[in-house]
Amino acid sequence: MAAGDIVTRIAEFNARHAEEMRAMPSRRRRTLRAIAIFEAVKGVLALAGAIGLLSLLHHDLRHVALEVIGWFKLNPAGQHPMMLLHYADVLNQTNPYALIGLAAGYVSIRLAEAYGLWFDLAWAEWLGALSGALYLPFEIHHLLVHPHWSSVLILLGNLLVVAYLGVQLWRRRQVHHAMAGSQT
């Protein structure tokens with residue numbers, strides 16, 4: 001295939017995709033874009049958190065955690081302060097390159113998913129449904145171990161996103177089969 005043919009096919013695909021986007025029902029488009037914004041916000045917040053953690057790597061994190069606990073006048077033997085101290089110790093022992101790699105991967109996935117959902121790309125619906133479904137067992141376990149209304153909201157929100165994207169993938173497949181059947 002010649003380079004000119006490839007460019008022509010890409011231009012045709014982009015034109016078809018733009019036409020499909022204009023024809024997409026506005027409620028579906030708004031919902032996909034709301035999910036895209038949510039995913040982008042998660043990616044940006046993860047990036048900010050990773051930068052914040054990396055800026056603390058050359059400090060005594062246990063001392064920083066104790067300063068924070070004292071500043072908020074918390075009981076160091078309480079559940080949340082003990083958890084903060086535990087994670088300060090864990091972070092002190094973490095390879096910074098592993099932390100950078102994990103953060104970069106997570107941020108990249110969230111931002112790529114947001115981009116793809118914004119432009120109604122099927123791969124982004126797959127990515128969103130699968131990555132959201134990966135969290136469900138952990139969210140259910142957390143809800144069972146530490147029941148709280150916020151855990152219920154997070155679980156329900158994630159379930160709704162996964163279900164919505166799954167339904168969109170199913171509908172996309174039905175349309176694809178219907179179009180393939182009408183061409184024969």
# chains A, B, ... in the order shown; residues from 1 in each chain; ligands from 1
>>> residues_around(residues="segment 103-115 of chain A", least_positions_apart="6", cutoff="8 Å", atoms="only C-alpha atoms", output="PyMOL selection string")
chain A and resi 35-40+42-44+46-47+50+124-125+127-128
>>> atom_distance(atom1="atom CA of Arg62 of chain A", atom2="atom CA of Asn92 of chain A")
8.3 Å
>>> atom_distance(atom1="atom CA of Leu66 of chain A", atom2="atom CA of Leu84 of chain A")
8.8 Å
>>> residues_around(residues="Ala122 of chain A", least_positions_apart="4", cutoff="8 Å", atoms="only C-alpha atoms", output="PyMOL selection string")
chain A and resi 116+126+169
>>> atom_distance(atom1="atom CA of Gly166 of chain A", atom2="atom CA of Val41 of chain A")
21.6 Å
>>> residues_around(residues="Gln93 of chain A", least_positions_apart="5", cutoff="12 Å", atoms="only C-alpha atoms", output="number ranges by chain")
A: 57-58, 60-62, 86-88, 98-99
>>> residues_around(residues="Leu54 of chain A", least_positions_apart="2", cutoff="10 Å", atoms="only C-alpha atoms", output="ChimeraX atom specification")
/A:48-52,56-59,91,96-97,99-100
>>> write_last_selection(atoms="C-alpha atoms", output="tab-separated table (two decimals), in the first residue's frame")
chain	number	residue	atom	x	y	z
A	48	ALA	CA	0.02	15.96	41.49
A	49	GLY	CA	0.13	13.34	44.26
A	50	ALA	CA	3.09	11.58	42.66
A	51	ILE	CA	4.98	14.85	42.32
A	52	GLY	CA	4.20	15.63	45.95
A	56	LEU	CA	9.28	14.18	49.95
A	57	LEU	CA	11.57	11.27	49.08
A	58	HIS	CA	14.72	13.00	50.31
A	59	HIS	CA	13.19	13.78	53.69
A	91	LEU	CA	7.46	4.99	51.16
A	96	PRO	CA	11.76	5.85	43.66
A	97	TYR	CA	12.09	4.56	40.09
A	99	LEU	CA	7.17	4.76	42.14
A	100	ILE	CA	7.83	6.97	39.12
